[in-house]
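Student: Pasting in a structure now, in structure tokens, and then I'll have a few things to ask.
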Amino acid sequence: MRMPVVPCLFALLLTGFCGALPAAAQVPLGTGPSSIREGLEIGTSTSEIAITSEFRGADLTVFGALTNADELFLAIGQYDVVVTLEGPRDAATVRRKERVFGIWMNTQSVTFEQVPESYSMASTRPLEDIPRSPSAPRMAVGIEHLALSPIGYVGNALSVAEFREAYRRLKLSGGLYQRDTAGVRFVSPSLFRATLRLPANVPDGVHVVHAYLFKSGELILQRDLPLRVVKTGLEQTITDAAHQQPLLYGLVSVLIALVTGWGASVLFRRE
Amino acid sequence: MTVYLPIAELSVNIFIILGMGAAVGFLSGMFGVGGGFLITPLLIFYNIPPVVAVATGANQVVASSVSGAISHFRRGTLDMKLGSVLLVGGLAGASAGVWIFSWLRKVGQLDLIISLLYVAFLGTIGSLMLAESLRAMRRAARNEPMPLRRPGQHNWVHRLPLKMRFKKSKLYLSAIPVVALGFGIGILTSVMGVGGGFIMVPAMIYLLRIPTSVVVGTSLFQIIFVTAYTTIVQAATNYSVDIVLASILMIAGVIGAQYGVRVGQKLRGEQLRALLGLLVLAVGLRLAVDLVVTPADLYSLSIGGFASR
């Protein structure tokens, strides 16, 4: 994820000197390559989110401070901030149905390796509006740019693209992937606040908050913070029991069923 | 009020689950079936993953069958020996079923097979029951006597070897079809999350000619043990039994069942069978429509790398 230092610097120099970007071209050349580097610090409202039985999703607030910002660039809105929350990674399989003898059944499938189970993104403006430098390496920021690499041999490149598109669409419609293109607001010239939405079905595990600072479309800084999402109390005990003591868990399930059934017939007997 | 289901990993409205449990419990008490064939599709329609719906459905059937079986045991309408022979086949079938279930899940065809099985079984059994009960009703309306069948002249089933005497049922019957029936039902319990009463009851009545009075109690007896066993095996292999979901369904279900039993006793046998036939057909039809109608989204998503071998 982290950009190699050399290309990053190189990209910075390029934009600074020649101002090849349409957006950067409007900036007077006098600003030049500044010797001071911008700084970015972030903090979250919490480092742990608990899933309780009443959990219906949660909001995570990310605060950030921009230091050593160029006043001119700031004034003309050349700084953009993108904050993402990436869930734990796992493989994901997308299946496509086809009509076979009149019945719809899964015929084709593509498995993508290690994709985030959830992904919330907030930005100062839509990602496609943030100018993109042709010299900057392609960044995996945003739902459209998540790396989705299929596992194993997939013959048709066109159909993989369709599966990728379907994956993003399903994740967005299911609420596990979200974007808020106005979710990052500058509360002062150097302070910003981002609000990320965690859906009710957010997976538990270690999530990572990423904050990206763009200057004239160039990614210049990135900060990461872990966020733990844990099932608490009874929920966690039940999940742990189901996976660590499955036999006992099954026995208890049956016992509850027997007691419930027997209890009811005792209760209703005297009537 | 919502409640979080730790295994299904989603929040649901507790009142909808309670309502489902109570309604299905009422019907299960009335018809003497476990209700799994209604609970499982209902849970799937409510977006519970089919894997969880099937395993949890089996667990729920345990509870709804216990209260029913106790009522029948007290009334003396339960053949323990016949039930035990059925159980031998049932446990073997359930073991095979869990293996099939895990395999289908791996190749991504579990949902389809569950639906196809429901459509095939519910459609066939529903039509047969409805047709038979309508014939019986027409006979009753014309005051014709029921055609008498003499023992020993039934069908091929009664010419099989390994005969056993079932005193309670007043039958002298081969153990082979009984074990085979139990085995088949056991597979269905694991794969479909049903008790199998909707197949076992008609099979016992029409195929094995077991007296209707003991059929319901005996099938419930067998169902308790097979579903309990399936619950444990599903929990141990697929980690898919949601104890919270099951508990809510059970509590609502057993209460509903008590009222269902009373209503069922007031109805006549052929009316009961006609109603059950209609219900079975309706569920089957609903699932068949879903299989044929173009889905809203041709793509589906699941976590994990099942597709890669």
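Chain labels A, B, ... are given in the sequence in which chains occur in the structure tokens; within each chain residues are numbered consecutively from 1, and ligands are likewise numbered from 1 in the order shown.
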Give the residues of chain B that lie within 7 Å of chain A; count only C-alpha atoms, and format the answer as a PyMOL selection string.

Tutor: chain B and resi 2-4+6-7+9-11+59-60+62-64+66-67+109+112+228+231-232+235-236+239+243+250-251+254-255+291-292+298-308

Student: With a distance cut-off of 10 Å and only C-alpha atoms, select the neighbouring residues of region 43-47 of chain B, excluding the residue or stretch itself and same-chain residues fewer than 6 positions from it, and output the selection as a tab-separated table (two decimals) with N, CA and C atoms, in the first residue's frame.

Tutor:
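In the end it all went to result_5.tsv:
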chain	number	residue	atom	x	y	z
B	8	ALA	N	-25.37	-16.12	12.01
B	8	ALA	CA	-25.81	-15.58	10.72
B	8	ALA	C	-25.12	-14.25	10.44
B	10	LEU	N	-25.91	-11.10	11.31
B	10	LEU	CA	-26.70	-9.94	10.92
B	10	LEU	C	-27.75	-9.66	11.99
B	12	VAL	N	-31.59	-8.75	13.06
B	12	VAL	CA	-32.93	-9.00	12.54
B	12	VAL	C	-33.95	-8.42	13.51
B	16	ILE	N	-40.43	-10.28	13.95
B	16	ILE	CA	-40.66	-11.05	12.72
B	16	ILE	C	-40.27	-12.52	12.97
B	17	ILE	N	-39.15	-12.71	13.66
B	17	ILE	CA	-38.70	-14.08	13.94
B	17	ILE	C	-39.70	-14.77	14.88
B	20	MET	N	-42.78	-15.68	12.85
B	20	MET	CA	-42.50	-16.86	12.02
B	20	MET	C	-42.58	-18.13	12.86
B	53	ALA	N	-29.82	-21.21	7.76
B	53	ALA	CA	-31.25	-21.51	7.81
B	53	ALA	C	-31.50	-23.01	7.93
B	54	VAL	N	-30.75	-23.79	7.16
B	54	VAL	CA	-30.95	-25.24	7.16
B	54	VAL	C	-30.56	-25.85	8.51
B	56	THR	N	-30.13	-24.33	11.44
B	56	THR	CA	-30.94	-23.80	12.53
B	56	THR	C	-32.35	-24.36	12.46
B	57	GLY	N	-32.85	-24.55	11.24
B	57	GLY	CA	-34.16	-25.16	11.06
B	57	GLY	C	-34.23	-26.53	11.70
B	111	ASP	N	-27.62	-23.78	-2.71
B	111	ASP	CA	-28.91	-23.08	-2.75
B	111	ASP	C	-29.83	-23.68	-3.81
B	245	LEU	N	-30.97	-17.40	17.06
B	245	LEU	CA	-32.09	-17.53	16.13
B	245	LEU	C	-32.95	-18.73	16.49

Student: What does the distance from CA of Lys170 (chain B) to CA of Gly126 (chain B) come to in Å, to one decimal?

Tutor: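 Value for the CA of Lys170 (chain B)-CA of Gly126 (chain B) distance: 27.9 Å.
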
Student: DSSP on the backbone: which residues in region 77-223 of chain A end up as alpha helix (DSSP H)? Give the answer as a PyMOL selection string.

Tutor: chain A and resi 157-173

Student: Please provide as a list in words all residues within 9 Å of Phe73 (chain B), with the sequence filter that same-chain residues fewer than 5 positions apart are discarded (counting only C-alpha atoms).

Tutor: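 The residues satisfying every condition are Gly68, Leu78, Asp79, Gly217 and Thr218 of chain B.
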